[in-house]
file model.tsv (TSV, C-alpha atoms)
chain	number	residue	atom	x	y	z
O	1	MET	CA	-225.64	52.30	-128.25
O	2	ALA	CA	-228.55	53.91	-126.44
O	3	ILE	CA	-227.93	56.00	-123.37
O	4	LYS	CA	-230.13	54.94	-120.52
O	5	LYS	CA	-231.98	57.83	-118.92
O	6	ARG	CA	-231.44	58.02	-115.18
O	7	ASN	CA	-234.40	58.32	-112.89
O	8	PRO	CA	-234.28	61.26	-110.51
O	9	VAL	CA	-233.05	60.51	-107.00
O	10	ARG	CA	-236.00	60.54	-104.63
O	11	VAL	CA	-235.18	62.60	-101.54
O	12	GLY	CA	-237.32	63.00	-98.45
O	13	LEU	CA	-237.08	66.23	-96.50
O	14	LEU	CA	-237.58	66.16	-92.76
O	15	GLY	CA	-237.25	69.32	-90.73
O	16	GLU	CA	-238.48	71.07	-87.65
O	17	SER	CA	-240.47	73.59	-89.67
O	18	PRO	CA	-242.34	73.39	-92.98
O	19	ASN	CA	-240.80	76.78	-93.78
O	20	ASP	CA	-237.30	75.32	-93.42
O	21	THR	CA	-238.02	72.28	-95.57
O	22	ALA	CA	-239.70	74.40	-98.28
O	23	ALA	CA	-236.72	76.75	-98.32
O	24	LEU	CA	-234.26	73.85	-98.43
O	25	ARG	CA	-236.22	72.37	-101.29
O	26	VAL	CA	-235.78	75.60	-103.27
O	27	LEU	CA	-232.04	75.62	-102.59
O	28	LEU	CA	-231.54	71.98	-103.54
O	29	GLN	CA	-233.64	72.43	-106.67
O	30	LYS	CA	-231.30	75.24	-107.76
O	31	LYS	CA	-228.29	72.97	-107.43
O	32	TYR	CA	-229.66	69.64	-108.60
O	33	GLY	CA	-232.56	70.63	-110.86
O	34	GLY	CA	-234.31	67.68	-112.46
O	35	ARG	CA	-231.81	65.17	-111.06
O	36	ILE	CA	-233.73	64.93	-107.78
O	37	GLN	CA	-237.34	64.82	-106.68
O	38	MET	CA	-238.10	65.97	-103.15
O	39	PHE	CA	-240.90	64.99	-100.85
O	40	PRO	CA	-241.71	66.36	-97.39
O	41	LEU	CA	-241.81	63.72	-94.68
O	42	LEU	CA	-244.00	63.86	-91.58
O	43	LYS	CA	-245.40	67.26	-92.56
O	44	ASN	CA	-247.63	67.60	-89.54
O	45	LEU	CA	-244.89	67.18	-86.96
O	46	LYS	CA	-242.86	70.22	-85.98
O	47	ALA	CA	-239.91	71.18	-83.79
O	48	ASP	CA	-238.95	68.58	-81.20
O	49	LYS	CA	-241.75	66.25	-82.30
O	50	ILE	CA	-239.83	65.26	-85.47
O	51	SER	CA	-237.39	63.30	-83.35
O	52	GLY	CA	-239.93	61.97	-80.85
O	53	LEU	CA	-241.18	58.41	-80.47
O	54	LYS	CA	-244.27	59.03	-82.61
O	55	ALA	CA	-242.12	60.30	-85.49
O	56	LEU	CA	-239.69	57.40	-85.15
O	57	ARG	CA	-242.62	54.97	-85.43
O	58	MET	CA	-244.13	56.77	-88.45
O	59	LEU	CA	-240.91	57.45	-90.35
O	60	PRO	CA	-240.10	53.98	-91.75
O	61	ASP	CA	-243.55	53.70	-93.36
O	62	ALA	CA	-243.45	57.25	-94.73
O	63	TYR	CA	-239.99	56.60	-96.15
O	64	ALA	CA	-241.07	53.33	-97.75
O	65	ASP	CA	-244.39	54.72	-99.07
O	66	GLU	CA	-242.56	57.45	-101.01
O	67	ARG	CA	-239.98	54.92	-102.30
O	68	LEU	CA	-237.18	57.24	-101.29
O	69	ASP	CA	-233.49	56.81	-102.03
O	70	MET	CA	-232.42	59.05	-99.17
O	71	ALA	CA	-233.64	61.68	-96.72
O	72	VAL	CA	-232.25	65.00	-95.53
O	73	PHE	CA	-232.86	65.78	-91.88
O	74	THR	CA	-232.54	69.51	-91.23
O	75	ARG	CA	-232.43	70.88	-87.72
O	76	ASP	CA	-231.44	74.11	-86.00
O	77	LEU	CA	-228.74	73.76	-83.37
O	78	ASP	CA	-230.25	76.74	-81.51
O	79	ALA	CA	-226.75	77.41	-80.19
O	80	LEU	CA	-223.31	78.25	-81.46
O	81	ALA	CA	-221.12	75.47	-82.84
O	82	SER	CA	-219.07	75.49	-79.63
O	83	ASP	CA	-222.04	74.13	-77.61
O	84	VAL	CA	-220.98	70.49	-77.37
O	85	THR	CA	-223.98	69.43	-75.28
O	86	GLN	CA	-226.45	70.75	-77.86
O	87	GLN	CA	-224.38	69.22	-80.69
O	88	LYS	CA	-224.53	65.78	-79.03
O	89	LYS	CA	-228.29	66.13	-78.50
O	90	ARG	CA	-228.91	66.93	-82.18
O	91	GLN	CA	-226.54	64.18	-83.33
O	92	LYS	CA	-228.44	61.64	-81.20
O	93	GLU	CA	-231.71	62.81	-82.79
O	94	PHE	CA	-230.24	62.28	-86.25
O	95	ASP	CA	-228.76	58.89	-85.35
O	96	ASP	CA	-232.18	57.70	-84.13
O	97	ILE	CA	-233.88	58.97	-87.30
O	98	ASN	CA	-231.19	57.56	-89.57
O	99	ALA	CA	-231.59	54.13	-88.00
O	100	CYS	CA	-235.28	54.21	-89.05
O	101	ILE	CA	-234.41	54.75	-92.72
O	102	ASP	CA	-231.66	52.16	-93.17
O	103	SER	CA	-228.91	54.77	-92.64
O	104	ASN	CA	-229.84	56.62	-95.84
O	105	GLY	CA	-229.97	60.00	-94.15
O	106	VAL	CA	-227.98	63.18	-94.53
O	107	PHE	CA	-227.83	65.56	-91.59
O	108	LEU	CA	-227.94	69.31	-92.20
O	109	LEU	CA	-227.44	71.01	-88.84
O	110	HIS	CA	-227.97	74.76	-89.04
O	111	ILE	CA	-225.67	76.72	-86.78
O	112	TYR	CA	-227.57	78.74	-84.98
O	113	GLU	CA	-230.69	78.45	-87.13
O	114	PHE	CA	-231.74	78.21	-90.78
O	115	GLU	CA	-231.53	81.98	-91.24
O	116	ALA	CA	-227.73	81.74	-91.03
O	117	LEU	CA	-227.94	80.66	-94.68
O	118	ILE	CA	-229.66	83.91	-95.57
O	119	MET	CA	-226.92	85.79	-93.73
O	120	ALA	CA	-224.36	83.92	-95.85
O	121	HIS	CA	-225.67	85.72	-98.97
O	122	ILE	CA	-227.39	88.79	-97.58
O	123	GLU	CA	-227.75	90.90	-100.75
O	124	PRO	CA	-230.99	89.27	-102.00
O	125	PHE	CA	-232.52	89.72	-98.56
O	126	ASN	CA	-231.54	93.40	-98.52
O	127	ASP	CA	-233.02	93.87	-102.00
O	128	MET	CA	-236.24	92.14	-101.06
O	129	PHE	CA	-236.79	94.02	-97.80
O	130	LYS	CA	-235.19	97.30	-98.91
O	131	CYS	CA	-232.88	97.25	-95.92
O	132	ALA	CA	-229.18	97.29	-95.07
O	133	CYS	CA	-228.40	94.19	-93.08
O	134	ARG	CA	-224.62	94.01	-92.99
O	135	PRO	CA	-222.85	90.90	-94.26
O	136	GLN	CA	-221.10	88.84	-91.62
O	137	ALA	CA	-217.69	87.24	-92.06
O	138	ASP	CA	-218.92	83.95	-90.60
O	139	PRO	CA	-222.69	83.42	-90.34
O	140	MET	CA	-222.04	80.46	-88.05
O	141	ARG	CA	-220.96	82.89	-85.33
O	142	ILE	CA	-224.22	84.85	-85.31
O	143	MET	CA	-226.46	84.29	-82.35
O	144	ASP	CA	-230.10	84.61	-83.39
O	145	PRO	CA	-229.71	85.31	-87.12
O	146	LYS	CA	-233.50	85.38	-87.47
O	147	GLY	CA	-233.66	88.20	-84.93
O	148	LYS	CA	-230.99	90.13	-86.83
O	149	LEU	CA	-232.97	89.76	-90.08
O	150	GLN	CA	-236.17	90.86	-88.35
O	151	GLU	CA	-234.51	93.91	-86.87
O	152	ALA	CA	-232.92	94.95	-90.18
O	153	SER	CA	-236.15	94.43	-92.13
O	154	ARG	CA	-238.18	96.47	-89.62
O	155	LYS	CA	-235.78	99.37	-90.15
O	156	GLY	CA	-235.90	98.96	-93.95
O	157	LYS	CA	-237.79	101.16	-96.38
O	158	ARG	CA	-240.57	98.59	-96.70
O	159	GLY	CA	-241.01	98.53	-92.94
O	160	ILE	CA	-242.14	94.91	-93.10
O	161	GLU	CA	-240.58	92.52	-90.64
O	162	TYR	CA	-239.08	89.27	-91.93
O	163	SER	CA	-240.86	86.15	-90.73
O	164	GLU	CA	-240.23	82.44	-91.18
O	165	ASN	CA	-242.93	82.48	-93.85
O	166	ASP	CA	-240.60	84.58	-96.03
O	167	CYS	CA	-237.81	82.03	-95.90
O	168	GLU	CA	-238.73	80.16	-99.09
O	169	ALA	CA	-239.07	83.37	-101.15
O	170	VAL	CA	-235.72	84.69	-99.90
O	171	CYS	CA	-233.99	81.35	-100.54
O	172	ALA	CA	-235.30	81.34	-104.10
O	173	LYS	CA	-233.08	84.39	-104.69
O	174	LEU	CA	-229.94	83.07	-102.96
O	175	ASP	CA	-226.91	81.92	-104.92
O	176	TYR	CA	-226.06	78.32	-104.01
O	177	ALA	CA	-222.34	78.84	-104.70
O	178	GLU	CA	-222.27	81.85	-102.37
O	179	LEU	CA	-223.84	79.79	-99.60
O	180	VAL	CA	-221.26	77.06	-99.99
O	181	LYS	CA	-218.46	79.63	-100.05
O	182	ASN	CA	-219.66	81.67	-97.07
O	183	CYS	CA	-221.28	79.14	-94.72
O	184	GLY	CA	-219.04	76.36	-93.45
O	185	TYR	CA	-221.73	73.91	-92.39
O	186	PHE	CA	-223.60	74.21	-95.69
O	187	SER	CA	-220.62	73.24	-97.80
call {"tool": "encode", "arguments": {"input": "model.tsv", "output": "structure tokens"}}
result
Amino acid sequence: MAIKKRNPVRVGLLGESPNDTAALRVLLQKKYGGRIQMFPLLKNLKADKISGLKALRMLPDAYADERLDMAVFTRDLDALASDVTQQKKRQKEFDDINACIDSNGVFLLHIYEFEALIMAHIEPFNDMFKCACRPQADPMRIMDPKGKLQEASRKGKRGIEYSENDCEAVCAKLDYAELVKNCGYFS
């Protein structure tokens, strides 16, 4: 009996920043390898525009053109998890987007922002920037994790400040299991 080879799951990535979606792609590739293929959706729209009317009109066609099985919508909360108003706003954005893709979406809401994931496994960042950013017990309680990374990297031996453009390179060094273990929303 022949074993039928499965086709990779086709996943669209939609996020407020190309840096975030590229970094997420690296992380998902580590976990799922050849079992998924990822495609950026609506690459030219950033920040709040990814949930605007123009994006909602363009999304069904982009989703269909790529013949996707699902999409991951990644967004920064830009607040702590306790901010119910901001949570509702982001959930509404996802619900509107999900309706455009036949409810085949997965929502990844970063508490406070994407860089909380880097804080969840800080050692690779410290190695890369030759700095000593201290690990946090709960990265979801850090206000402005990007700012904390920038401050630590500026003080590091390299003296080079972290920027969003470094996100993909840092994420390539992160351990997926550590992220799941240390960052509640990522698990």
call {"tool": "closest_residue", "arguments": {"input": "model.tsv", "among": "O:Val9, O:Leu24, O:Cys100, O:Leu68", "to": "Leu53 in chain O", "atoms": "all atoms listed in the file"}}
result
O:Cys100
call {"tool": "residues_around", "arguments": {"input": "model.tsv", "residues": "Ser187 in chain O", "least_positions_apart": "5", "cutoff": "12 Å", "atoms": "all atoms listed in the file", "output": "short mmCIF file (atom, residue, chain, number, x, y, z; two decimals) with C-alpha atoms, in the coordinates of the input"}}
result
data_model
loop_
_atom_site.label_atom_id
_atom_site.label_comp_id
_atom_site.auth_asym_id
_atom_site.auth_seq_id
_atom_site.Cartn_x
_atom_site.Cartn_y
_atom_site.Cartn_z
CA LEU O 108 -227.94 69.31 -92.20
CA LEU O 109 -227.44 71.01 -88.84
CA HIS O 110 -227.97 74.76 -89.04
CA LEU O 117 -227.94 80.66 -94.68
CA ALA O 120 -224.36 83.92 -95.85
CA TYR O 176 -226.06 78.32 -104.01
CA ALA O 177 -222.34 78.84 -104.70
CA GLU O 178 -222.27 81.85 -102.37
CA LEU O 179 -223.84 79.79 -99.60
CA VAL O 180 -221.26 77.06 -99.99
CA LYS O 181 -218.46 79.63 -100.05
CA ASN O 182 -219.66 81.67 -97.07
#
call {"tool": "residues_around", "arguments": {"input": "model.tsv", "residues": "Glu164 in chain O", "least_positions_apart": "3", "cutoff": "12 Å", "atoms": "only C-alpha atoms", "output": "number ranges by chain"}}
result
O: 17-23, 113-115, 118, 145-147, 149-150, 161, 167-171
call {"tool": "atom_distance", "arguments": {"input": "model.tsv", "atom1": "CA of Ala116 in chain O", "atom2": "CA of Arg141 in chain O"}}
result
8.9 Å
call {"tool": "atom_distance", "arguments": {"input": "model.tsv", "atom1": "CA of Lys30 in chain O", "atom2": "CA of Gly184 in chain O"}}
result
18.9 Å
call {"tool": "closest_residue", "arguments": {"input": "model.tsv", "among": "O:Gly52, O:Tyr112, O:Ala137, O:Val26", "to": "Ser82 in chain O", "atoms": "all atoms listed in the file"}}
result
O:Tyr112
call {"tool": "residues_around", "arguments": {"input": "model.tsv", "residues": "Leu42 in chain O", "least_positions_apart": "2", "cutoff": "9 Å", "atoms": "all atoms listed in the file", "output": "ChimeraX atom specification"}}
result
/O:13-15,40,44-46,50,55,58-59,62
call {"tool": "closest_residue", "arguments": {"input": "model.tsv", "among": "O:Arg90, O:Arg134, O:Arg35, O:Lys173", "to": "Arg10 in chain O", "atoms": "all atoms listed in the file"}}
result
O:Arg35
call {"tool": "residues_around", "arguments": {"input": "model.tsv", "residues": "Gln86 in chain O", "least_positions_apart": "3", "cutoff": "12 Å", "atoms": "all atoms listed in the file", "output": "short mmCIF file (atom, residue, chain, number, x, y, z; two decimals) with C-alpha atoms, in the coordinates of the input"}}
result
data_model
loop_
_atom_site.label_atom_id
_atom_site.label_comp_id
_atom_site.auth_asym_id
_atom_site.auth_seq_id
_atom_site.Cartn_x
_atom_site.Cartn_y
_atom_site.Cartn_z
CA ARG O 75 -232.43 70.88 -87.72
CA ASP O 76 -231.44 74.11 -86.00
CA LEU O 77 -228.74 73.76 -83.37
CA ASP O 78 -230.25 76.74 -81.51
CA ALA O 79 -226.75 77.41 -80.19
CA LEU O 80 -223.31 78.25 -81.46
CA ALA O 81 -221.12 75.47 -82.84
CA SER O 82 -219.07 75.49 -79.63
CA ASP O 83 -222.04 74.13 -77.61
CA LYS O 89 -228.29 66.13 -78.50
CA ARG O 90 -228.91 66.93 -82.18
CA GLN O 91 -226.54 64.18 -83.33
CA LYS O 92 -228.44 61.64 -81.20
CA GLU O 93 -231.71 62.81 -82.79
CA LEU O 109 -227.44 71.01 -88.84
CA HIS O 110 -227.97 74.76 -89.04
CA ILE O 111 -225.67 76.72 -86.78
CA TYR O 112 -227.57 78.74 -84.98
#
call {"tool": "atom_distance", "arguments": {"input": "model.tsv", "atom1": "CA of Leu41 in chain O", "atom2": "CA of Lys88 in chain O"}}
result
23.4 Å
call {"tool": "closest_residue", "arguments": {"input": "model.tsv", "among": "O:Asp102, O:Met140, O:Ile36, O:Val11", "to": "Cys183 in chain O", "atoms": "only C-alpha atoms"}}
result
O:Met140
call {"tool": "closest_residue", "arguments": {"input": "model.tsv", "among": "O:Ala172, O:Cys131, O:Ala64, O:Ile101", "to": "Ile160 in chain O", "atoms": "all atoms listed in the file"}}
result
O:Cys131
call {"tool": "closest_residue", "arguments": {"input": "model.tsv", "among": "O:Val72, O:Asp95, O:Phe125, O:Asn165", "to": "Lys148 in chain O", "atoms": "all atoms listed in the file"}}
result
O:Phe125
call {"tool": "axis_aligned_box", "arguments": {"input": "model.tsv", "around": "range 6-14 of chain O", "padding_each_side": "8 Å", "output": "JSON"}}
result
{"center_x": -234.5, "center_y": 62.1, "center_z": -104.0, "size_x": 22.1, "size_y": 24.2, "size_z": 38.4}
